[in-house]
$ cat data-v5.tsv   # TSV, C-alpha atoms
chain	number	residue	atom	x	y	z
A	30	MET	CA	99.64	46.73	100.04
A	31	SER	CA	101.12	49.72	98.19
A	32	ALA	CA	104.20	49.42	95.96
A	33	GLU	CA	106.24	51.31	98.52
A	34	GLU	CA	105.22	48.94	101.32
A	35	THR	CA	106.08	45.93	99.16
A	36	PHE	CA	109.43	47.52	98.34
A	37	ARG	CA	110.14	48.12	102.03
A	38	GLU	CA	109.31	44.51	102.74
A	39	ILE	CA	111.70	43.32	100.01
A	40	VAL	CA	114.47	45.50	101.42
A	41	ASP	CA	113.87	44.29	104.98
A	42	LYS	CA	113.54	40.66	104.02
A	43	TYR	CA	116.16	40.28	101.31
A	44	SER	CA	118.78	43.05	101.33
A	45	GLU	CA	121.27	41.24	103.57
A	46	ARG	CA	120.84	37.87	101.89
A	47	LEU	CA	121.02	39.52	98.47
A	48	TYR	CA	124.26	41.21	99.51
A	49	TRP	CA	125.88	37.79	100.08
A	50	HIS	CA	124.43	36.48	96.82
A	51	VAL	CA	125.95	39.34	94.82
A	52	ARG	CA	129.16	39.37	96.88
A	53	SER	CA	129.74	35.68	96.15
A	54	LEU	CA	129.55	36.55	92.43
A	55	THR	CA	131.67	39.72	92.38
A	56	GLY	CA	134.04	39.00	95.26
A	57	SER	CA	134.31	42.72	95.99
A	58	HIS	CA	132.51	44.64	98.73
A	59	ASP	CA	132.60	47.95	96.83
A	60	ASP	CA	131.30	46.44	93.59
A	61	THR	CA	128.53	44.67	95.53
A	62	ASP	CA	127.54	47.86	97.31
A	63	ASP	CA	127.25	49.73	93.98
A	64	LEU	CA	125.39	46.85	92.34
A	65	LEU	CA	122.85	46.60	95.15
A	66	GLN	CA	121.80	50.20	94.56
A	67	ASP	CA	121.24	49.42	90.86
A	68	ILE	CA	119.47	46.15	91.65
A	69	PHE	CA	117.04	47.70	94.13
A	70	LEU	CA	116.38	50.62	91.78
A	71	LYS	CA	115.47	48.06	89.10
A	72	ILE	CA	113.27	46.20	91.57
A	73	TRP	CA	111.48	49.45	92.47
A	74	LYS	CA	110.92	50.34	88.81
A	75	ALA	CA	109.81	46.83	87.86
A	76	LEU	CA	107.55	46.36	90.88
A	77	PRO	CA	104.35	47.52	89.08
A	78	SER	CA	104.93	44.82	86.44
A	79	PHE	CA	105.50	42.06	89.01
A	80	ARG	CA	102.52	39.77	88.53
A	81	GLY	CA	103.44	37.14	91.07
A	82	ASP	CA	103.67	34.35	88.48
A	83	SER	CA	106.98	33.44	90.04
A	84	GLY	CA	107.52	33.90	93.75
A	85	LEU	CA	108.93	37.16	95.05
A	86	PHE	CA	112.22	35.47	95.99
A	87	THR	CA	112.68	34.03	92.49
A	88	TRP	CA	111.81	37.37	90.87
A	89	VAL	CA	114.23	39.33	93.07
A	90	TRP	CA	117.04	36.80	92.62
A	91	ARG	CA	116.51	36.80	88.85
A	92	ILE	CA	116.90	40.58	88.68
A	93	ALA	CA	119.96	40.50	90.95
A	94	THR	CA	121.65	37.63	89.10
A	95	ASN	CA	121.09	39.22	85.69
A	96	GLU	CA	122.42	42.54	86.94
A	97	ALA	CA	125.50	40.89	88.48
A	98	LEU	CA	126.17	38.85	85.32
A	99	GLY	CA	125.86	42.01	83.22
A	100	PHE	CA	128.36	43.70	85.51
A	101	LEU	CA	130.80	40.78	85.19
A	102	ARG	CA	130.45	40.82	81.40
A	103	LYS	CA	131.26	44.55	81.25
A	104	LYS	CA	134.20	44.02	83.58
A	105	LYS	CA	135.53	41.28	81.30
A	106	VAL	CA	135.22	43.50	78.21
A	107	ARG	CA	136.92	46.43	79.99
A	108	ALA	CA	139.78	44.14	81.08
A	109	ALA	CA	140.15	42.80	77.52
A	110	LEU	CA	140.35	46.36	76.14
A	111	ARG	CA	143.15	47.09	78.60
A	112	PHE	CA	144.89	43.78	77.73
A	113	GLU	CA	144.58	42.90	81.38
A	114	SER	CA	144.18	39.40	82.82
A	115	LEU	CA	140.92	39.25	84.75
A	116	ASP	CA	142.19	36.21	86.70
A	117	ALA	CA	145.26	38.07	87.96
A	118	ARG	CA	143.09	41.07	88.79
A	119	ALA	CA	140.65	38.90	90.78
A	120	GLU	CA	143.53	37.56	92.87
A	121	ARG	CA	144.77	41.10	93.55
A	122	VAL	CA	141.25	42.18	94.57
A	123	ILE	CA	140.95	39.29	97.04
A	124	ASP	CA	144.46	39.83	98.45
A	125	SER	CA	143.90	43.54	98.96
A	126	ASP	CA	140.31	43.17	100.22
A	127	PRO	CA	140.07	44.29	103.85
A	128	TRP	CA	136.71	42.53	104.01
A	129	PHE	CA	138.03	39.04	103.30
A	130	ASP	CA	138.58	37.08	106.50
A	131	GLY	CA	139.20	33.55	105.27
A	132	ASP	CA	142.35	31.45	105.74
A	133	SER	CA	144.66	30.43	102.90
A	134	ALA	CA	142.43	27.48	101.85
A	135	GLN	CA	139.39	29.75	101.72
A	136	ARG	CA	141.39	32.35	99.78
A	137	LYS	CA	142.28	29.64	97.25
A	138	LEU	CA	138.60	28.71	96.92
A	139	ALA	CA	137.59	32.38	96.42
A	140	VAL	CA	140.28	32.75	93.73
A	141	ALA	CA	139.25	29.50	92.01
A	142	VAL	CA	135.60	30.61	92.00
A	143	SER	CA	136.62	33.93	90.46
A	144	HIS	CA	138.31	31.98	87.63
A	145	LEU	CA	135.02	30.32	86.61
A	146	PRO	CA	133.08	31.68	83.62
A	147	SER	CA	130.40	34.03	84.97
A	148	LYS	CA	127.33	31.86	84.29
A	149	GLN	CA	129.01	28.78	85.70
A	150	ARG	CA	130.10	30.87	88.67
A	151	SER	CA	126.53	31.97	89.33
A	152	VAL	CA	125.29	28.36	89.30
A	153	PHE	CA	128.14	27.25	91.55
A	154	CYS	CA	127.60	30.09	94.04
A	155	MET	CA	123.84	29.60	94.26
A	156	ARG	CA	124.25	25.86	94.79
A	157	TYR	CA	127.39	25.71	96.94
A	158	PHE	CA	127.28	28.92	99.03
A	159	GLU	CA	123.54	29.64	99.11
A	160	GLU	CA	122.49	25.99	99.03
A	161	LEU	CA	119.54	26.67	96.73
A	162	SER	CA	117.87	23.65	95.17
A	163	TYR	CA	118.30	22.97	91.47
A	164	SER	CA	114.60	23.67	90.94
A	165	GLN	CA	115.00	27.13	92.56
A	166	ILE	CA	118.09	27.89	90.45
A	167	ALA	CA	116.23	26.66	87.37
A	168	GLU	CA	113.40	29.10	88.07
A	169	ILE	CA	115.83	31.98	88.63
A	170	THR	CA	118.00	31.35	85.59
A	171	GLY	CA	115.40	29.87	83.23
A	172	THR	CA	117.74	26.92	82.60
A	173	SER	CA	116.79	23.23	82.83
A	174	GLU	CA	117.78	21.34	85.96
A	175	GLY	CA	119.81	18.90	83.87
A	176	ALA	CA	121.88	21.69	82.37
A	177	LEU	CA	122.38	23.22	85.84
A	178	LYS	CA	123.59	19.92	87.28
A	179	ALA	CA	126.08	19.58	84.42
A	180	SER	CA	127.21	23.17	84.93
A	181	TYR	CA	127.71	22.64	88.67
A	182	PHE	CA	129.61	19.42	88.04
A	183	HIS	CA	131.98	21.13	85.58
A	184	ALA	CA	132.49	24.09	87.92
A	185	SER	CA	133.28	21.78	90.88
A	186	GLN	CA	135.66	19.78	88.70
A	187	LYS	CA	137.53	22.94	87.65
A	188	ILE	CA	137.84	24.05	91.25
A	189	ARG	CA	139.08	20.62	92.33
A	190	ASP	CA	141.64	20.67	89.52
A	191	GLU	CA	142.85	24.05	90.75
A	192	ILE	CA	142.86	23.66	94.52
A	193	GLY	CA	142.03	20.04	95.34
A	194	ASP	CA	139.07	18.94	97.43
A	195	PHE	CA	137.07	21.86	98.80
A	196	ASP	CA	133.97	20.37	100.45
B	15	MET	CA	125.72	30.70	103.57
B	16	LYS	CA	127.84	32.90	105.86
B	17	GLU	CA	129.64	29.79	107.17
B	18	LYS	CA	130.95	28.93	103.72
B	19	ILE	CA	131.67	32.44	102.49
B	20	HIS	CA	134.56	34.19	104.16
B	21	TYR	CA	133.89	37.79	103.42
B	22	SER	CA	132.98	40.43	105.95
B	23	THR	CA	131.51	43.92	105.80
B	24	PRO	CA	132.22	47.28	107.48
B	25	GLU	CA	130.72	47.91	110.94
B	26	ALA	CA	126.92	48.44	110.89
B	27	TYR	CA	126.96	48.06	107.11
B	28	PHE	CA	123.58	46.35	106.77
B	29	GLU	CA	121.69	48.95	108.85
B	30	ASN	CA	123.20	51.64	106.67
B	31	LEU	CA	122.47	49.68	103.48
B	32	ARG	CA	118.83	49.15	104.43
B	33	ALA	CA	118.40	52.88	105.12
B	34	ARG	CA	119.93	53.80	101.75
B	35	LEU	CA	117.79	51.26	99.88
B	36	GLN	CA	114.59	52.32	101.67
B	37	ALA	CA	115.24	55.87	100.41
B	38	ILE	CA	115.09	54.82	96.73
B	39	PRO	CA	111.32	55.42	96.18
B	40	ALA	CA	111.48	58.92	97.69
B	41	LYS	CA	114.57	59.78	95.63
B	42	GLU	CA	112.91	58.50	92.47
B	43	ARG	CA	109.78	60.54	93.14
B	44	ALA	CA	111.84	63.70	93.73
B	45	GLY	CA	113.83	63.13	90.56
B	46	ARG	CA	110.88	62.20	88.34
B	47	PRO	CA	110.19	64.92	85.73
B	48	THR	CA	106.73	66.53	85.50
B	49	ALA	CA	104.68	66.35	82.26
B	50	VAL	CA	105.88	69.86	81.30
B	51	GLN	CA	109.51	68.89	81.99
B	52	LYS	CA	109.04	65.80	79.84
B	53	VAL	CA	107.78	67.71	76.78
B	54	ALA	CA	110.03	70.77	77.26
B	55	PRO	CA	112.93	69.38	75.16
B	56	TYR	CA	110.54	68.62	72.27
B	57	ILE	CA	109.01	72.11	72.45
B	58	ALA	CA	112.49	73.64	72.47
B	59	LEU	CA	113.45	71.56	69.43
B	60	ALA	CA	110.28	72.56	67.56
B	61	ALA	CA	110.90	76.24	68.43
B	62	THR	CA	114.48	75.98	67.15
B	63	PHE	CA	113.26	74.59	63.82
B	64	ALA	CA	110.58	77.29	63.55
B	65	ILE	CA	113.11	80.08	64.22
B	66	ALA	CA	115.58	78.56	61.74
B	67	PHE	CA	112.80	78.31	59.13
B	68	VAL	CA	111.72	81.95	59.58
B	69	LEU	CA	115.31	83.27	59.63
B	70	GLY	CA	116.17	81.16	56.60
B	71	GLY	CA	113.15	82.60	54.75
B	72	ILE	CA	114.16	86.18	55.63
B	73	ILE	CA	117.77	85.64	54.58
B	74	LEU	CA	116.78	83.95	51.32
B	75	ASN	CA	114.31	86.69	50.57
B	76	LYS	CA	116.96	89.34	51.05
B	77	THR	CA	119.74	87.59	49.17
B	78	ALA	CA	117.75	86.18	46.24
B	79	ALA	CA	118.59	87.81	42.88
B	80	PRO	CA	115.89	90.33	41.88
B	81	SER	CA	113.97	89.46	38.74
B	82	ASP	CA	114.19	91.78	35.70
B	83	GLY	CA	110.45	92.51	35.93
B	84	GLN	CA	109.72	90.83	32.60
B	85	ALA	CA	107.27	87.98	32.62
B	86	SER	CA	107.75	85.24	30.04
B	87	ASP	CA	105.09	84.42	27.44
B	88	GLU	CA	104.35	81.16	29.24
B	89	GLU	CA	103.73	83.01	32.53
B	90	ILE	CA	101.38	85.47	30.81
B	91	ILE	CA	99.45	82.63	29.18
B	92	GLU	CA	99.18	80.78	32.52
B	93	TYR	CA	97.89	83.94	34.16
B	94	LEU	CA	95.33	84.65	31.49
B	95	ILE	CA	94.01	81.09	31.58
B	96	SER	CA	93.57	81.21	35.31
B	97	SER	CA	92.06	84.70	35.39
B	98	ASP	CA	88.55	85.71	34.27
B	99	VAL	CA	89.74	87.87	31.37
B	100	SER	CA	87.62	87.09	28.30
B	101	THR	CA	89.07	86.79	24.78
B	102	LEU	CA	87.05	89.86	23.76
B	103	GLN	CA	88.57	91.97	26.56
B	104	LEU	CA	91.98	90.75	25.56
B	105	VAL	CA	91.48	91.69	21.93
B	106	ASP	CA	90.17	95.15	22.98
B	107	TYR	CA	93.20	95.64	25.25
B	108	LEU	CA	95.70	94.60	22.58
B	109	SER	CA	94.11	96.80	19.85
B	110	TYR	CA	93.96	99.76	22.29
B	111	ASN	CA	97.69	99.41	23.14
B	112	GLU	CA	98.92	98.97	19.59

$ encode --input "data-v5.tsv" --output "structure tokens"
Amino acid sequence: MSAEETFREIVDKYSERLYWHVRSLTGSHDDTDDLLQDIFLKIWKALPSFRGDSGLFTWVWRIATNEALGFLRKKKVRAALRFESLDARAERVIDSDPWFDGDSAQRKLAVAVSHLPSKQRSVFCMRYFEELSYSQIAEITGTSEGALKASYFHASQKIRDEIGDFD
Amino acid sequence: MKEKIHYSTPEAYFENLRARLQAIPAKERAGRPTAVQKVAPYIALAATFAIAFVLGGIILNKTAAPSDGQASDEEIIEYLISSDVSTLQLVDYLSYNE
């Protein structure tokens, strides 16, 4: 199979699912749309070096997660330089998002998730929204399962403290 | 996942997204520079240095103070050592010009 055929297969198989993965991290449709272009460009460029040591899913999710975390880091730095509160901004983004169709409880959850530190957020989103196993998340992030469980526990606790029970 | 996440997308977004993403390899190929395009900036830089070197040499040559035409004793000695003039020829020359 040529690189282009493999790339087409990745797009067909994963683009929609990857959209929701990135969207759960950024919260914004426009940011996700931009990021997906960058992510798939990276996938295309890195495809010749993909050796199949990890599965295709793990490899693609690793690239996407790293790209999204990099984006969130830059966003945080930009907000700090403007003396802007990222938490308040996240709430404004969700409130003004025409592509958010949740009720008030779901809005509260989205806001609480946006308040989590980015790495903790990525663990929470992959476990809670995507329902990936800890072993899958461990492969994607290169973190031990124990550390991931602790991270998920802390993230859930923070969300509960903010909005109450969310399950 | 979609049951827990309450975001939506514009109409027919995913069809459009797939089409845009599928176009990435073709776009990359079209935008990829050829070997000549890759080395062109380096050639231009080398040419700039060469021109600057030549122009600098010409300007220095024209603006340098002219010498008074008198060679120092040291320069004469250096020349004589490096040339094939024999001591006898030198003595002949000096006695002839006295």

$ residues_around --input "data-v5.tsv" --residues "segment 149-161 of chain A" --least-positions-apart "5" --cutoff "8 Å" --atoms "all atoms listed in the file" --output "ChimeraX atom specification"
/A:50,53-54,94,98,142-143,166,177,180-181,184-185 /B:15-16,18-19

$ interface_residues --input "data-v5.tsv" --of "chain A" --to "chain B" --cutoff "8 Å" --atoms "only C-alpha atoms" --output "PyMOL selection string"
chain A and resi 33+36-37+40-41+44-45+49+53+58+66+69-70+73+128-131+135+158-160

$ atom_distance --input "data-v5.tsv" --atom1 "atom CA of Ala117 of chain A" --atom2 "atom CA of Asp59 of chain A"
18.3 Å

$ closest_residue --input "data-v5.tsv" --among "A:Asp126, A:Glu113, A:Glu191, A:Asp63" --to "Ala97 of chain A" --atoms "only C-alpha atoms"
A:Asp63

$ atom_distance --input "data-v5.tsv" --atom1 "atom CA of Lys41 of chain B" --atom2 "atom CA of Tyr48 of chain A"
21.3 Å

$ atom_distance --input "data-v5.tsv" --atom1 "atom CA of Leu64 of chain A" --atom2 "atom CA of Glu96 of chain A"
7.5 Å

$ build_atoms --input "data-v5.tsv" --residues "segment 34-49 of chain B" --atoms "N, CA and C atoms" --output "PDB file, in the coordinates of the input"
ATOM      1  N   ARG B  34     119.696  53.233 103.093  1.00  0.00           N
ATOM      2  CA  ARG B  34     119.930  53.800 101.750  1.00  0.00           C
ATOM      3  C   ARG B  34     118.947  53.216 100.732  1.00  0.00           C
ATOM      4  N   LEU B  35     118.701  51.916 100.841  1.00  0.00           N
ATOM      5  CA  LEU B  35     117.790  51.260  99.880  1.00  0.00           C
ATOM      6  C   LEU B  35     116.345  51.711 100.098  1.00  0.00           C
ATOM      7  N   GLN B  36     115.968  51.875 101.369  1.00  0.00           N
ATOM      8  CA  GLN B  36     114.590  52.320 101.670  1.00  0.00           C
ATOM      9  C   GLN B  36     114.327  53.713 101.095  1.00  0.00           C
ATOM     10  N   ALA B  37     115.404  54.484 100.897  1.00  0.00           N
ATOM     11  CA  ALA B  37     115.240  55.870 100.410  1.00  0.00           C
ATOM     12  C   ALA B  37     115.044  55.936  98.891  1.00  0.00           C
ATOM     13  N   ILE B  38     115.180  54.818  98.204  1.00  0.00           N
ATOM     14  CA  ILE B  38     115.090  54.820  96.730  1.00  0.00           C
ATOM     15  C   ILE B  38     113.746  55.365  96.211  1.00  0.00           C
ATOM     16  N   PRO B  39     112.595  54.894  96.727  1.00  0.00           N
ATOM     17  CA  PRO B  39     111.320  55.420  96.180  1.00  0.00           C
ATOM     18  C   PRO B  39     111.188  56.939  96.319  1.00  0.00           C
ATOM     19  N   ALA B  40     111.584  57.471  97.480  1.00  0.00           N
ATOM     20  CA  ALA B  40     111.480  58.920  97.690  1.00  0.00           C
ATOM     21  C   ALA B  40     112.391  59.672  96.728  1.00  0.00           C
ATOM     22  N   LYS B  41     113.604  59.147  96.551  1.00  0.00           N
ATOM     23  CA  LYS B  41     114.570  59.780  95.630  1.00  0.00           C
ATOM     24  C   LYS B  41     114.034  59.773  94.211  1.00  0.00           C
ATOM     25  N   GLU B  42     113.457  58.637  93.822  1.00  0.00           N
ATOM     26  CA  GLU B  42     112.910  58.500  92.470  1.00  0.00           C
ATOM     27  C   GLU B  42     111.758  59.483  92.240  1.00  0.00           C
ATOM     28  N   ARG B  43     110.904  59.616  93.271  1.00  0.00           N
ATOM     29  CA  ARG B  43     109.780  60.540  93.140  1.00  0.00           C
ATOM     30  C   ARG B  43     110.275  61.969  92.986  1.00  0.00           C
ATOM     31  N   ALA B  44     111.298  62.325  93.777  1.00  0.00           N
ATOM     32  CA  ALA B  44     111.840  63.700  93.730  1.00  0.00           C
ATOM     33  C   ALA B  44     112.492  63.977  92.384  1.00  0.00           C
ATOM     34  N   GLY B  45     113.098  62.937  91.816  1.00  0.00           N
ATOM     35  CA  GLY B  45     113.830  63.130  90.560  1.00  0.00           C
ATOM     36  C   GLY B  45     112.989  62.938  89.325  1.00  0.00           C
ATOM     37  N   ARG B  46     111.718  62.500  89.509  1.00  0.00           N
ATOM     38  CA  ARG B  46     110.880  62.200  88.340  1.00  0.00           C
ATOM     39  C   ARG B  46     110.410  63.497  87.681  1.00  0.00           C
ATOM     40  N   PRO B  47     110.597  63.674  86.372  1.00  0.00           N
ATOM     41  CA  PRO B  47     110.190  64.920  85.730  1.00  0.00           C
ATOM     42  C   PRO B  47     108.674  65.060  85.609  1.00  0.00           C
ATOM     43  N   THR B  48     108.164  66.286  85.670  1.00  0.00           N
ATOM     44  CA  THR B  48     106.730  66.530  85.500  1.00  0.00           C
ATOM     45  C   THR B  48     106.395  66.411  84.015  1.00  0.00           C
ATOM     46  N   ALA B  49     105.096  66.464  83.665  1.00  0.00           N
ATOM     47  CA  ALA B  49     104.680  66.350  82.260  1.00  0.00           C
ATOM     48  C   ALA B  49     105.290  67.485  81.430  1.00  0.00           C
TER      49      ALA B  49
END
